[in-house]
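Chemist: Sharing input_9.cif, mmCIF, C-alpha atoms and all ligand atoms:
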data_input
#
loop_
_atom_site.label_atom_id
_atom_site.label_comp_id
_atom_site.auth_asym_id
_atom_site.auth_seq_id
_atom_site.Cartn_x
_atom_site.Cartn_y
_atom_site.Cartn_z
CA MET A 173 0.00 0.00 0.00
CA ASP A 174 1.25 3.53 -0.76
CA LEU A 175 0.99 4.92 2.75
CA GLU A 176 3.18 7.96 2.04
CA SER A 177 0.51 9.49 -0.19
CA LYS A 178 -2.11 8.91 2.52
CA PHE A 179 -0.32 10.45 5.50
CA SER A 180 -1.33 14.03 6.36
CA ASP A 181 1.16 16.90 6.00
CA ILE A 182 1.41 17.07 9.78
CA SER A 183 2.07 13.38 10.30
CA LYS A 184 4.88 13.56 7.73
CA THR A 185 6.66 16.19 9.85
CA LEU A 186 6.38 14.39 13.20
CA LYS A 187 9.68 13.62 14.97
CA GLY A 188 10.31 11.57 18.13
CA SER A 189 10.96 13.42 21.39
CA ALA A 190 14.55 12.99 22.57
CA VAL A 191 13.25 12.47 26.11
CA ARG A 192 10.80 9.75 25.11
CA GLU A 193 13.52 8.02 23.02
CA LEU A 194 15.83 8.01 26.04
CA LEU A 195 13.31 6.28 28.29
CA LYS A 196 14.54 2.93 26.98
CA TYR A 197 17.96 3.66 28.49
CA ALA A 198 16.37 4.43 31.84
CA GLU A 199 15.11 0.84 31.80
CA GLN A 200 18.57 -0.68 31.24
CA PRO A 201 19.91 -1.47 34.70
CA ASP A 202 23.58 -0.70 33.91
CA VAL A 203 22.93 2.75 32.38
CA ILE A 204 22.60 5.69 34.74
CA SER A 205 20.12 8.01 33.04
CA PHE A 206 19.86 11.72 33.78
CA GLY A 207 17.62 11.87 30.71
CA GLY A 208 13.91 11.58 31.46
CA GLY A 209 12.24 14.21 33.62
CA MET A 210 10.98 11.60 36.02
CA PRO A 211 10.02 12.13 39.64
CA ASN A 212 11.78 9.85 42.11
CA PRO A 213 9.77 6.71 42.99
CA LYS A 214 10.26 7.65 46.66
CA SER A 215 8.26 10.84 46.07
CA PHE A 216 5.02 8.90 45.52
CA PRO A 217 2.67 8.83 48.54
CA ILE A 218 1.76 5.16 48.15
CA GLU A 219 0.23 4.64 51.61
CA ASN A 220 -1.87 7.80 51.28
CA ILE A 221 -3.10 6.70 47.89
CA LYS A 222 -4.13 3.29 49.25
CA GLU A 223 -6.21 5.09 51.87
CA ILE A 224 -7.68 7.41 49.24
CA LEU A 225 -8.58 4.50 46.95
CA ASN A 226 -10.62 2.81 49.69
CA ASN A 227 -12.32 6.08 50.45
CA ILE A 228 -13.19 6.65 46.77
CA MET A 229 -14.70 3.20 46.38
CA ASP A 230 -16.72 3.59 49.60
CA ASN A 231 -17.95 7.13 48.94
CA TYR A 232 -17.89 7.92 45.23
CA GLY A 233 -17.57 4.50 43.55
CA THR A 234 -20.27 4.96 40.93
CA LYS A 235 -19.24 8.52 40.06
CA ALA A 236 -15.53 7.71 39.89
CA LEU A 237 -16.14 4.84 37.47
CA GLN A 238 -18.52 6.82 35.22
CA TYR A 239 -17.87 9.29 32.34
CA GLY A 240 -17.56 12.85 33.59
CA THR A 241 -18.03 16.34 32.18
CA THR A 242 -15.42 17.55 29.69
CA GLU A 243 -14.34 20.39 31.98
CA GLY A 244 -13.71 18.11 34.97
CA VAL A 245 -15.09 17.10 38.38
CA THR A 246 -16.62 20.23 39.91
CA GLU A 247 -15.27 19.62 43.44
CA LEU A 248 -11.76 19.15 42.05
CA ARG A 249 -11.98 22.39 40.08
CA GLU A 250 -13.09 24.11 43.30
CA GLN A 251 -10.16 22.61 45.21
CA ILE A 252 -7.71 23.70 42.48
CA ALA A 253 -9.15 27.24 42.58
CA LYS A 254 -8.77 27.26 46.38
CA ARG A 255 -5.15 26.08 46.19
CA MET A 256 -4.29 28.74 43.60
CA LYS A 257 -5.78 31.32 45.97
CA ASP A 258 -4.03 29.94 49.08
CA LYS A 259 -0.60 29.42 47.47
CA PHE A 260 -0.39 32.21 44.90
CA SER A 261 -3.17 34.66 45.80
CA ILE A 262 -4.62 34.08 42.33
CA SER A 263 -8.39 34.44 42.27
CA THR A 264 -9.99 32.25 39.71
CA ASN A 265 -13.47 30.98 39.16
CA PRO A 266 -13.66 27.14 39.05
CA SER A 267 -15.65 27.52 35.83
CA ASN A 268 -12.49 28.90 34.20
CA ILE A 269 -10.53 25.74 35.01
CA ILE A 270 -10.40 22.67 32.79
CA VAL A 271 -8.89 19.50 34.22
CA LEU A 272 -6.62 17.77 31.70
CA ASN A 273 -5.16 14.31 31.15
CA GLY A 274 -1.72 15.77 31.97
CA SER A 275 -0.63 19.30 31.17
CA GLN A 276 1.05 17.92 28.03
CA SER A 277 -2.42 17.65 26.47
CA GLY A 278 -2.98 21.30 27.42
CA LEU A 279 0.08 22.27 25.37
CA TYR A 280 -1.45 20.50 22.42
CA MET A 281 -4.97 21.85 22.82
CA VAL A 282 -4.10 25.46 23.66
CA SER A 283 -1.79 25.63 20.65
CA LYS A 284 -4.50 24.10 18.49
CA VAL A 285 -6.95 26.75 19.69
CA PHE A 286 -4.63 29.56 18.55
CA LEU A 287 -2.19 28.48 15.88
CA ASN A 288 -2.83 28.28 12.17
CA ARG A 289 -0.14 26.83 9.95
CA GLY A 290 2.76 29.29 9.75
CA ASP A 291 1.61 31.50 12.65
CA TYR A 292 4.34 32.81 14.93
CA VAL A 293 4.64 31.33 18.39
CA ILE A 294 7.20 32.80 20.79
CA SER A 295 9.17 30.77 23.35
CA GLU A 296 12.25 30.91 25.51
CA ALA A 297 15.41 29.40 23.99
CA PRO A 298 15.87 26.73 25.22
CA THR A 299 12.31 25.57 25.91
CA TYR A 300 10.46 22.40 26.94
CA VAL A 301 10.94 19.63 24.36
CA GLY A 302 7.31 18.48 24.78
CA ALA A 303 6.03 21.96 23.94
CA ILE A 304 8.08 21.90 20.75
CA SER A 305 6.43 18.58 19.77
CA ALA A 306 2.94 19.73 20.75
CA PHE A 307 3.12 23.10 18.99
CA ASN A 308 4.82 21.63 15.92
CA ALA A 309 1.73 19.56 15.28
CA GLN A 310 0.09 22.87 14.25
CA MET A 311 3.07 23.64 11.94
CA PRO A 312 3.79 27.13 13.32
CA SER A 313 6.81 29.38 12.77
CA TRP A 314 8.95 29.82 15.86
CA LEU A 315 10.39 33.00 17.32
CA THR A 316 12.76 31.98 20.10
CA VAL A 317 14.20 34.44 22.59
CA GLU A 318 17.33 33.81 24.64
CA LEU A 319 16.75 32.82 28.24
CA LYS A 320 19.10 34.68 30.61
CA GLU A 321 19.78 33.95 34.28
CA ASP A 322 16.76 36.10 35.32
CA GLY A 323 14.36 35.34 32.45
CA MET A 324 13.92 36.05 28.76
CA ASP A 325 15.98 38.76 27.07
CA LEU A 326 13.09 41.21 26.85
CA ASN A 327 14.85 43.62 24.48
CA GLU A 328 15.27 40.78 22.02
CA LEU A 329 11.62 39.83 22.57
CA ASP A 330 10.41 43.36 21.86
CA ALA A 331 12.55 43.60 18.72
CA LYS A 332 11.34 40.23 17.42
CA ILE A 333 7.68 41.09 18.00
CA LYS A 334 8.14 44.45 16.19
CA LYS A 335 9.77 42.71 13.24
CA ALA A 336 6.97 40.12 13.05
CA ILE A 337 4.33 42.86 13.16
CA ASN A 338 6.14 44.72 10.37
CA GLU A 339 5.84 41.52 8.33
CA LYS A 340 2.10 41.65 9.16
CA LYS A 341 2.42 38.45 11.17
CA VAL A 342 1.30 39.18 14.74
CA PRO A 343 2.57 36.40 17.05
CA LYS A 344 -0.24 34.39 18.63
CA PHE A 345 1.16 33.79 22.12
CA ILE A 346 4.32 33.80 24.22
CA TYR A 347 4.98 30.43 25.88
CA VAL A 348 7.07 30.56 29.06
CA ILE A 349 8.03 28.32 31.99
CA PRO A 350 9.09 31.09 34.35
CA THR A 351 9.87 29.08 37.49
CA PHE A 352 12.60 26.40 37.59
CA GLN A 353 12.46 26.24 33.84
CA ASN A 354 12.62 23.00 31.94
CA PRO A 355 15.36 22.52 30.72
CA ALA A 356 17.54 25.31 32.15
CA GLY A 357 16.43 25.26 35.82
CA LEU A 358 16.35 29.10 35.79
CA THR A 359 13.69 31.38 37.33
CA TRP A 360 12.43 34.72 36.04
CA SER A 361 12.82 37.77 38.32
CA VAL A 362 9.70 39.62 39.48
CA ASP A 363 10.76 42.62 37.37
CA LYS A 364 10.90 40.56 34.22
CA ARG A 365 7.54 38.95 34.99
CA LYS A 366 5.95 42.41 35.22
CA HIS A 367 7.85 43.69 32.20
CA LEU A 368 6.70 40.72 30.11
CA LEU A 369 3.10 41.62 30.94
CA GLU A 370 3.76 45.20 29.85
CA ILE A 371 5.14 44.01 26.53
CA ALA A 372 2.22 41.61 26.05
CA SER A 373 -0.15 44.46 26.81
CA LYS A 374 1.62 46.86 24.42
CA TYR A 375 1.24 44.40 21.51
CA ASP A 376 -1.99 42.78 22.74
CA LEU A 377 -0.49 39.29 23.02
CA ILE A 378 -1.44 36.25 25.10
CA ILE A 379 1.04 34.75 27.57
CA PHE A 380 0.90 30.98 28.07
CA GLU A 381 2.45 30.27 31.48
CA ASP A 382 3.41 26.64 32.12
CA ASP A 383 4.08 26.11 35.81
CA PRO A 384 4.77 22.48 36.78
CA TYR A 385 7.60 23.13 39.22
CA SER A 386 7.00 26.22 41.35
CA GLU A 387 5.90 24.21 44.42
CA ILE A 388 9.18 22.25 44.26
CA ARG A 389 11.40 24.98 45.76
CA PHE A 390 14.52 24.07 47.77
CA THR A 391 16.12 27.45 48.37
CA GLY A 392 15.43 31.18 47.87
CA ASP A 393 12.25 33.20 48.28
CA PRO A 394 9.05 32.13 46.54
CA VAL A 395 8.09 34.12 43.44
CA MET A 396 4.50 34.52 42.34
CA PRO A 397 3.43 33.20 38.94
CA ILE A 398 3.05 35.75 36.12
CA LYS A 399 -0.69 35.08 36.37
CA TYR A 400 -0.65 36.77 39.80
CA TYR A 401 0.41 40.09 38.22
CA ASP A 402 -2.01 39.78 35.32
CA LYS A 403 -4.62 42.55 35.48
CA GLU A 404 -5.83 42.20 31.87
CA ASP A 405 -6.67 38.50 31.79
CA ARG A 406 -4.08 37.81 29.13
CA VAL A 407 -2.30 34.92 30.89
CA ILE A 408 -3.32 31.32 30.32
CA TYR A 409 -1.97 29.42 33.32
CA MET A 410 -1.27 25.70 33.41
CA GLY A 411 -0.48 23.46 36.38
CA THR A 412 -0.01 19.71 36.89
CA PHE A 413 -0.22 17.04 39.57
CA SER A 414 2.70 15.18 37.96
CA LYS A 415 5.39 16.60 40.22
CA VAL A 416 3.43 16.97 43.48
CA LEU A 417 1.53 13.66 43.36
CA SER A 418 2.35 11.35 40.42
CA PRO A 419 2.76 11.65 36.64
CA GLY A 420 1.16 8.23 36.16
CA ILE A 421 -2.26 9.55 37.22
CA ARG A 422 -1.99 11.99 34.25
CA LEU A 423 -3.67 15.09 35.66
CA GLY A 424 -3.09 18.73 34.93
CA TRP A 425 -5.24 21.83 34.61
CA VAL A 426 -5.52 24.99 32.57
CA VAL A 427 -6.93 28.32 33.71
CA SER A 428 -8.09 30.83 31.13
CA ASN A 429 -10.89 33.29 30.47
CA GLU A 430 -14.41 32.22 29.55
CA ALA A 431 -13.99 32.42 25.78
CA ILE A 432 -10.73 30.44 25.70
CA THR A 433 -12.05 27.89 28.23
CA ARG A 434 -14.99 27.26 25.93
CA LYS A 435 -12.75 26.72 22.90
CA ILE A 436 -10.50 24.29 24.80
CA ALA A 437 -13.57 22.40 26.07
CA LEU A 438 -14.98 22.11 22.54
CA LEU A 439 -11.68 20.75 21.29
CA LYS A 440 -11.39 18.40 24.25
CA GLN A 441 -14.81 16.93 23.50
CA GLY A 442 -13.33 15.60 20.27
CA VAL A 443 -9.97 14.60 21.78
CA ASP A 444 -10.89 12.52 24.83
CA LEU A 445 -14.47 13.36 25.98
CA CYS A 446 -13.32 13.93 29.55
CA THR A 447 -10.29 13.59 31.79
CA ASN A 448 -9.79 10.31 33.70
CA VAL A 449 -12.49 10.62 36.34
CA PHE A 450 -10.98 8.03 38.67
CA SER A 451 -7.72 10.00 38.82
CA GLN A 452 -9.64 13.20 39.42
CA TYR A 453 -11.15 11.74 42.59
CA ILE A 454 -7.67 10.72 43.76
CA ALA A 455 -6.43 14.28 43.28
CA LEU A 456 -9.56 15.68 44.91
CA GLU A 457 -9.00 13.66 48.08
CA TYR A 458 -5.26 14.41 48.05
CA LEU A 459 -6.07 18.14 48.09
CA ARG A 460 -9.11 18.06 50.35
CA SER A 461 -7.46 15.92 53.04
CA GLY A 462 -4.40 18.20 53.15
CA MET A 463 -2.12 15.22 52.35
CA ILE A 464 -0.55 17.34 49.61
CA ASP A 465 0.86 19.77 52.18
CA LYS A 466 2.45 16.95 54.14
CA GLN A 467 3.90 15.36 51.00
CA ILE A 468 5.41 18.38 49.23
CA PRO A 469 7.95 19.15 51.99
CA LYS A 470 9.11 15.51 51.81
CA ILE A 471 9.54 15.76 48.02
CA VAL A 472 11.40 19.06 48.39
CA GLU A 473 13.75 17.60 51.01
CA LEU A 474 14.45 14.52 48.86
CA TYR A 475 15.20 16.59 45.75
CA ARG A 476 17.18 19.33 47.54
CA LYS A 477 19.71 16.71 48.66
CA LYS A 478 19.88 15.28 45.16
CA ARG A 479 20.43 18.70 43.61
CA ASP A 480 23.21 19.40 46.14
CA LEU A 481 24.79 16.05 45.41
CA MET A 482 24.72 16.62 41.66
CA LEU A 483 26.22 20.11 42.03
CA LYS A 484 28.99 18.75 44.27
CA SER A 485 29.68 15.86 41.87
CA LEU A 486 29.86 18.26 38.91
CA GLU A 487 32.39 20.40 40.84
CA GLU A 488 34.47 17.31 41.45
CA SER A 489 34.24 15.63 38.06
CA MET A 490 34.02 18.27 35.32
CA PRO A 491 37.03 19.74 33.53
CA GLU A 492 37.50 23.47 33.05
CA GLY A 493 35.30 25.00 30.37
CA VAL A 494 32.20 23.11 31.50
CA THR A 495 29.58 25.24 33.28
CA TRP A 496 26.13 24.57 34.69
CA THR A 497 23.12 26.31 36.22
CA ARG A 498 22.33 26.11 39.97
CA PRO A 499 18.55 25.76 40.22
CA ASN A 500 16.66 26.73 43.37
CA GLY A 501 14.03 24.12 42.62
CA GLY A 502 12.48 21.90 40.01
CA MET A 503 14.10 18.87 38.46
CA PHE A 504 16.78 19.91 35.97
CA LEU A 505 20.05 21.67 35.46
CA TRP A 506 21.65 22.77 32.23
CA VAL A 507 25.26 22.10 31.33
CA THR A 508 27.24 24.02 28.72
CA VAL A 509 30.50 22.66 27.32
CA ASP A 510 32.79 25.41 26.01
CA TRP A 511 35.07 23.16 24.01
CA GLY A 512 33.26 23.16 20.71
CA LEU A 513 32.07 19.66 21.62
CA ASP A 514 28.89 18.44 20.00
CA THR A 515 26.74 16.88 22.74
CA GLU A 516 24.98 14.67 20.18
CA LYS A 517 28.35 13.06 19.33
CA LEU A 518 29.33 13.07 22.98
CA LEU A 519 26.19 11.09 23.82
CA LYS A 520 27.63 8.03 22.03
CA LYS A 521 30.71 8.18 24.23
CA ALA A 522 28.54 8.79 27.30
CA LEU A 523 26.42 5.73 26.50
CA GLU A 524 29.60 3.65 26.10
CA ASN A 525 30.41 4.88 29.60
CA LYS A 526 26.85 3.87 30.65
CA VAL A 527 25.47 7.31 31.38
CA ALA A 528 22.72 9.25 29.53
CA TYR A 529 21.45 12.83 29.30
CA VAL A 530 19.25 14.81 26.91
CA VAL A 531 21.11 16.64 24.16
CA GLY A 532 20.70 20.43 24.12
CA THR A 533 19.36 20.48 20.54
CA ALA A 534 16.15 18.77 21.74
CA PHE A 535 15.20 22.03 23.48
CA TYR A 536 15.57 24.36 20.49
CA PRO A 537 13.02 24.26 17.68
CA ASP A 538 15.76 25.36 15.25
CA GLY A 539 18.51 22.84 16.01
CA ARG A 540 20.74 25.11 18.13
CA GLY A 541 22.09 24.03 21.53
CA ARG A 542 24.81 21.69 20.25
CA ASN A 543 27.19 22.58 23.09
CA SER A 544 24.69 21.90 25.87
CA MET A 545 22.80 19.14 27.67
CA ARG A 546 20.06 18.76 30.27
CA LEU A 547 20.57 16.72 33.42
CA ASN A 548 17.71 15.52 35.60
CA PHE A 549 18.70 15.22 39.25
CA THR A 550 15.47 13.87 40.80
CA TYR A 551 15.18 10.32 39.50
CA SER A 552 18.53 8.68 40.22
CA ARG A 553 19.62 7.16 43.50
CA ASP A 554 22.20 9.21 45.42
CA GLU A 555 25.04 6.76 44.71
CA ASP A 556 24.13 6.77 41.00
CA ILE A 557 24.28 10.57 40.86
CA VAL A 558 27.89 10.47 42.10
CA GLU A 559 28.85 7.55 39.86
CA GLY A 560 26.96 8.87 36.79
CA ILE A 561 28.44 12.37 36.94
CA GLY A 562 31.87 10.77 37.35
CA ARG A 563 31.23 8.74 34.17
CA LEU A 564 30.00 11.84 32.33
CA GLY A 565 33.08 13.82 33.39
CA LYS A 566 35.27 10.98 32.10
CA ALA A 567 33.40 10.90 28.76
CA ILE A 568 33.77 14.69 28.33
CA LYS A 569 37.49 14.59 29.15
CA GLU A 570 38.01 11.77 26.62
CA GLU A 571 36.15 13.73 23.91
CA ILE A 572 38.21 16.86 24.62
CA LYS A 573 41.40 14.80 24.34
CA ASN A 574 40.23 13.26 21.03
CA LYS A 575 39.45 16.69 19.67
CA ASN A 576 42.89 18.15 20.44
N1 LIG B 601 5.34 21.30 30.77
C1 LIG B 601 6.57 21.19 31.26
C2 LIG B 601 7.43 22.40 31.32
C3 LIG B 601 7.05 19.96 31.70
O1 LIG B 601 8.29 19.88 32.18
C4 LIG B 601 6.21 18.82 31.63
C5 LIG B 601 6.68 17.46 32.08
N2 LIG B 601 7.98 17.18 32.01
C6 LIG B 601 4.92 18.99 31.09
C7 LIG B 601 4.51 20.24 30.68
C8 LIG B 601 3.97 17.85 30.94
O2 LIG B 601 3.65 17.29 32.16
P1 LIG B 601 2.36 16.43 32.44
O3 LIG B 601 1.70 16.11 31.14
O4 LIG B 601 2.86 15.21 33.15
O5 LIG B 601 1.49 17.28 33.31
O1 LIG B 602 8.21 12.64 28.36
C1 LIG B 602 8.15 12.48 29.59
O2 LIG B 602 8.32 11.38 30.12
C2 LIG B 602 7.84 13.66 30.47
C3 LIG B 602 9.10 14.30 30.82
C4 LIG B 602 9.44 15.46 30.30
C5 LIG B 602 10.83 15.94 30.37
O3 LIG B 602 11.75 15.12 30.54
O4 LIG B 602 11.02 17.13 30.23
#
Give the structure from this file in structure tokens form.
Ligand code: PMP
Ligand code: G9A
Modeler:
Amino acid sequence: MDLESKFSDISKTLKGSAVRELLKYAEQPDVISFGGGMPNPKSFPIENIKEILNNIMDNYGTKALQYGTTEGVTELREQIAKRMKDKFSISTNPSNIIVLNGSQSGLYMVSKVFLNRGDYVISEAPTYVGAISAFNAQMPSWLTVELKEDGMDLNELDAKIKKAINEKKVPKFIYVIPTFQNPAGLTWSVDKRKHLLEIASKYDLIIFEDDPYSEIRFTGDPVMPIKYYDKEDRVIYMGTFSKVLSPGIRLGWVVSNEAITRKIALLKQGVDLCTNVFSQYIALEYLRSGMIDKQIPKIVELYRKKRDLMLKSLEESMPEGVTWTRPNGGMFLWVTVDWGLDTEKLLKKALENKVAYVVGTAFYPDGRGRNSMRLNFTYSRDEDIVEGIGRLGKAIKEEIKNKN
């Protein structure tokens, strides 16, 4: 059969995510993988979930096993609204929240609501690999703006928006992960958060704020989401239960205004009818019982030690000319190799040395990032962090030697 002539234009352009491809290495027992952005198995509140499961079957069995509304379980949307108020002083009406099968599906649906083929979408450079895959399914044009230590280079952003407008192509939205960014681990300053809103207001643009990590803070003062400063209702905010409960339950949420909420809901009707109702009751009980507030400090403590251990191991194992970010939270740090080394080539050597990472190019829609890599510090056991960074240091030193 001639399948090629049958595939859609979009399906012909689809490429595998570097993170997803690397998951197979995470399953090989002799490879230490800093690749996948996986929570540590010890972060899962198994005993609490057992308790919750009994409670669900006793109290909501028939509802939890039934189809639900597309927007989500009402009580869960109320609990999410309450948490956003308690944690971030963001007032939102539960009717403006849609519960998602993971925030990844929100990336896909929000971009599908806004992007026509060829439309400009703006992101940080580097940005989340899964957002690149999700947005690329709409075949947009990318405008990427360098991410500095304290957030996007806003002069570059302003200049790029002006240029796009001069070409009569107004960008559709600005996608950002302002707190403990994936992949760089960096956090935007308050000033830049406010300034971004000013720029968005000046050009009448939407901001799409993806915030999976802000509750996973180890050090430094909390910073409010951009949504908190938003007086014009131009921020679409997205959260997830993946890092504060479990990614396997596949639950996230998106907050937007009435008109956008309606469009996402209409699209979602065709995508999956409704979000996993059983999981929604688990999350509801996790929030309502207050278990979440007992669990997060344990997760933070576990990951803080792992971040410290990875930073110390990098200090000990890396040659000169290799630098890395020092995140105050989240799950990742970003390594830059100033030796003209190509981290895609280096990955072969690293895998021979039984250690894996995600190549920097995965986080740029335009193939840049060759001298960088992302390391996840949350998944590996402590002894594997020390051993794995040692192996990586050895691989880098060997590559530098081969080059000279
Ligand atoms: N956005 C970002 C920035 C992420 O890092 C991730 C997960 N790695 C997601 C979205 C998707 O998460 P989930 O679908 O599990 O909510
Ligand atoms: O693809 C996954 O498993 C989710 C992780 C995302 C990431 O590594 O950034």
Chemist: List all protein, DNA and RNA residues that have any atom at most 8 Å from ligand LIG 602 (chain B), counting all atoms listed in the file, and write the list as a PyMOL selection string.
Modeler: chain A and resi 189+191-192+195+207-210+300-302+354-355+548
Chemist: Could you save those same residues with C-alpha atoms as an mmCIF file, in the frame of the given file?
Modeler:
data_model
loop_
_atom_site.group_PDB
_atom_site.id
_atom_site.type_symbol
_atom_site.label_atom_id
_atom_site.label_comp_id
_atom_site.auth_asym_id
_atom_site.auth_seq_id
_atom_site.Cartn_x
_atom_site.Cartn_y
_atom_site.Cartn_z
ATOM 1 C CA SER A 189 10.960 13.420 21.390
ATOM 2 C CA VAL A 191 13.250 12.470 26.110
ATOM 3 C CA ARG A 192 10.800 9.750 25.110
ATOM 4 C CA LEU A 195 13.310 6.280 28.290
ATOM 5 C CA GLY A 207 17.620 11.870 30.710
ATOM 6 C CA GLY A 208 13.910 11.580 31.460
ATOM 7 C CA GLY A 209 12.240 14.210 33.620
ATOM 8 C CA MET A 210 10.980 11.600 36.020
ATOM 9 C CA TYR A 300 10.460 22.400 26.940
ATOM 10 C CA VAL A 301 10.940 19.630 24.360
ATOM 11 C CA GLY A 302 7.310 18.480 24.780
ATOM 12 C CA ASN A 354 12.620 23.000 31.940
ATOM 13 C CA PRO A 355 15.360 22.520 30.720
ATOM 14 C CA ASN A 548 17.710 15.520 35.600
#
Chemist: In file coordinates, which residues lie within 10 Å of (38.6, 18.2, 24.9) using all atoms listed in the file, given as number ranges by chain?
Modeler: A: 491-493, 509-513, 567-576
Chemist: Output the neighbourhood of ligand LIG 601 (chain B) as a PDB file with C-alpha atoms, in the coordinates of the input, that is, all protein and nucleic acid residues with some atom at most 9 Å from the ligand, counting all atoms listed in the file.
Modeler:
ATOM      1  CA  GLY A 208      13.910  11.580  31.460  1.00  0.00           C
ATOM      2  CA  GLY A 209      12.240  14.210  33.620  1.00  0.00           C
ATOM      3  CA  MET A 210      10.980  11.600  36.020  1.00  0.00           C
ATOM      4  CA  LEU A 272      -6.620  17.770  31.700  1.00  0.00           C
ATOM      5  CA  ASN A 273      -5.160  14.310  31.150  1.00  0.00           C
ATOM      6  CA  GLY A 274      -1.720  15.770  31.970  1.00  0.00           C
ATOM      7  CA  SER A 275      -0.630  19.300  31.170  1.00  0.00           C
ATOM      8  CA  GLN A 276       1.050  17.920  28.030  1.00  0.00           C
ATOM      9  CA  SER A 277      -2.420  17.650  26.470  1.00  0.00           C
ATOM     10  CA  GLY A 278      -2.980  21.300  27.420  1.00  0.00           C
ATOM     11  CA  LEU A 279       0.080  22.270  25.370  1.00  0.00           C
ATOM     12  CA  THR A 299      12.310  25.570  25.910  1.00  0.00           C
ATOM     13  CA  TYR A 300      10.460  22.400  26.940  1.00  0.00           C
ATOM     14  CA  VAL A 301      10.940  19.630  24.360  1.00  0.00           C
ATOM     15  CA  GLY A 302       7.310  18.480  24.780  1.00  0.00           C
ATOM     16  CA  ALA A 303       6.030  21.960  23.940  1.00  0.00           C
ATOM     17  CA  VAL A 348       7.070  30.560  29.060  1.00  0.00           C
ATOM     18  CA  ILE A 349       8.030  28.320  31.990  1.00  0.00           C
ATOM     19  CA  GLN A 353      12.460  26.240  33.840  1.00  0.00           C
ATOM     20  CA  ASN A 354      12.620  23.000  31.940  1.00  0.00           C
ATOM     21  CA  PRO A 355      15.360  22.520  30.720  1.00  0.00           C
ATOM     22  CA  ASP A 382       3.410  26.640  32.120  1.00  0.00           C
ATOM     23  CA  ASP A 383       4.080  26.110  35.810  1.00  0.00           C
ATOM     24  CA  PRO A 384       4.770  22.480  36.780  1.00  0.00           C
ATOM     25  CA  TYR A 385       7.600  23.130  39.220  1.00  0.00           C
ATOM     26  CA  MET A 410      -1.270  25.700  33.410  1.00  0.00           C
ATOM     27  CA  GLY A 411      -0.480  23.460  36.380  1.00  0.00           C
ATOM     28  CA  THR A 412      -0.010  19.710  36.890  1.00  0.00           C
ATOM     29  CA  PHE A 413      -0.220  17.040  39.570  1.00  0.00           C
ATOM     30  CA  SER A 414       2.700  15.180  37.960  1.00  0.00           C
ATOM     31  CA  LYS A 415       5.390  16.600  40.220  1.00  0.00           C
ATOM     32  CA  SER A 418       2.350  11.350  40.420  1.00  0.00           C
ATOM     33  CA  PRO A 419       2.760  11.650  36.640  1.00  0.00           C
ATOM     34  CA  GLY A 420       1.160   8.230  36.160  1.00  0.00           C
ATOM     35  CA  ILE A 421      -2.260   9.550  37.220  1.00  0.00           C
ATOM     36  CA  ARG A 422      -1.990  11.990  34.250  1.00  0.00           C
ATOM     37  CA  LEU A 423      -3.670  15.090  35.660  1.00  0.00           C
ATOM     38  CA  GLY A 424      -3.090  18.730  34.930  1.00  0.00           C
ATOM     39  CA  TRP A 425      -5.240  21.830  34.610  1.00  0.00           C
ATOM     40  CA  MET A 503      14.100  18.870  38.460  1.00  0.00           C
TER      41      MET A 503
END
Chemist: Which neighbours of stretch 477-487 of chain A fall inside 8 Å, counting all atoms listed in the file, when residues of the same chain fewer than 6 positions from it are skipped, and could you give them as a count of residues only?
Modeler: 9
Chemist: Point out the residue among A:Ala372, A:Leu377, A:Cys446, A:Ile432 with the least atom-to-atom distance to A:Asn268, counting only C-alpha atoms.
Modeler: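 Closest to A:Asn268 of all the choices is A:Ile432.
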Chemist: Between A:Ile228, A:Arg542, A:Ala528, A:Lys235, which residue has the minimum interatomic distance to A:Asp556, considering only C-alpha atoms?
Modeler: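 Closest to A:Asp556 of all the choices is A:Ala528.
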Chemist: What is the distance between atom CA of A:Glu321 and atom CA of A:Asn543, in Å to one decimal?
Modeler: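 These two atoms are separated by 17.6 Å.
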Chemist: Pick from A:Arg406, A:Glu243, A:Lys257, A:Ala437: nearest to A:Val285, with all atoms listed in the file counted?
Modeler: A:Ala437
Chemist: One number please: atom CA of A:Lys517 to atom CA of A:Leu564, in Å, one decimal.
Modeler: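 Taking atom CA of A:Lys517 and atom CA of A:Leu564, their separation equals 13.2 Å.
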Chemist: When you draw a straight line from atom CA of A:Thr533 to atom CA of A:Glu516, how long is it in Å?
Modeler: 8.1 Å
Chemist: Rank A:Met173, A:Val472, A:Val416, A:Val271 by their smallest atom-to-atom distance to A:Val245, using only C-alpha atoms, and report the top residue only.
Modeler: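 Distance minimum relative to A:Val245 lands on A:Val271.
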Chemist: Tell me which protein, DNA and RNA residues are within 9 Å of A:Thr433, counting all atoms listed in the file, leaving out same-chain ones fewer than 4 positions away, and put them as a list in words.
Modeler: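 That gives Glu243, Ser267, Asn268, Ile269, Ile270, Val426, Val427, Ser428, Asn429, Ala437 and Leu438 of chain A.
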Chemist: With only C-alpha atoms as the basis for distance, which of A:Ile468, A:Leu287, A:Ile388, A:Met396 is at the shortest distance from A:Phe352?
Modeler: A:Ile388
Chemist: Given the choices A:Asp376, A:Glu296, A:Asp330, A:Glu339, which gets closest to A:Trp314 if the distance is worked out from all atoms listed in the file?
Modeler: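 Of the candidates, the smallest distance to A:Trp314 is held by A:Glu296.
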Chemist: Around (-5.9, 7.0, 46.4) in the file's frame, which residues reach within 9 Å when counting only C-alpha atoms? Return as an MDAnalysis selection string?
Modeler: chainID A and resid 218:228 451 453:455 457:458
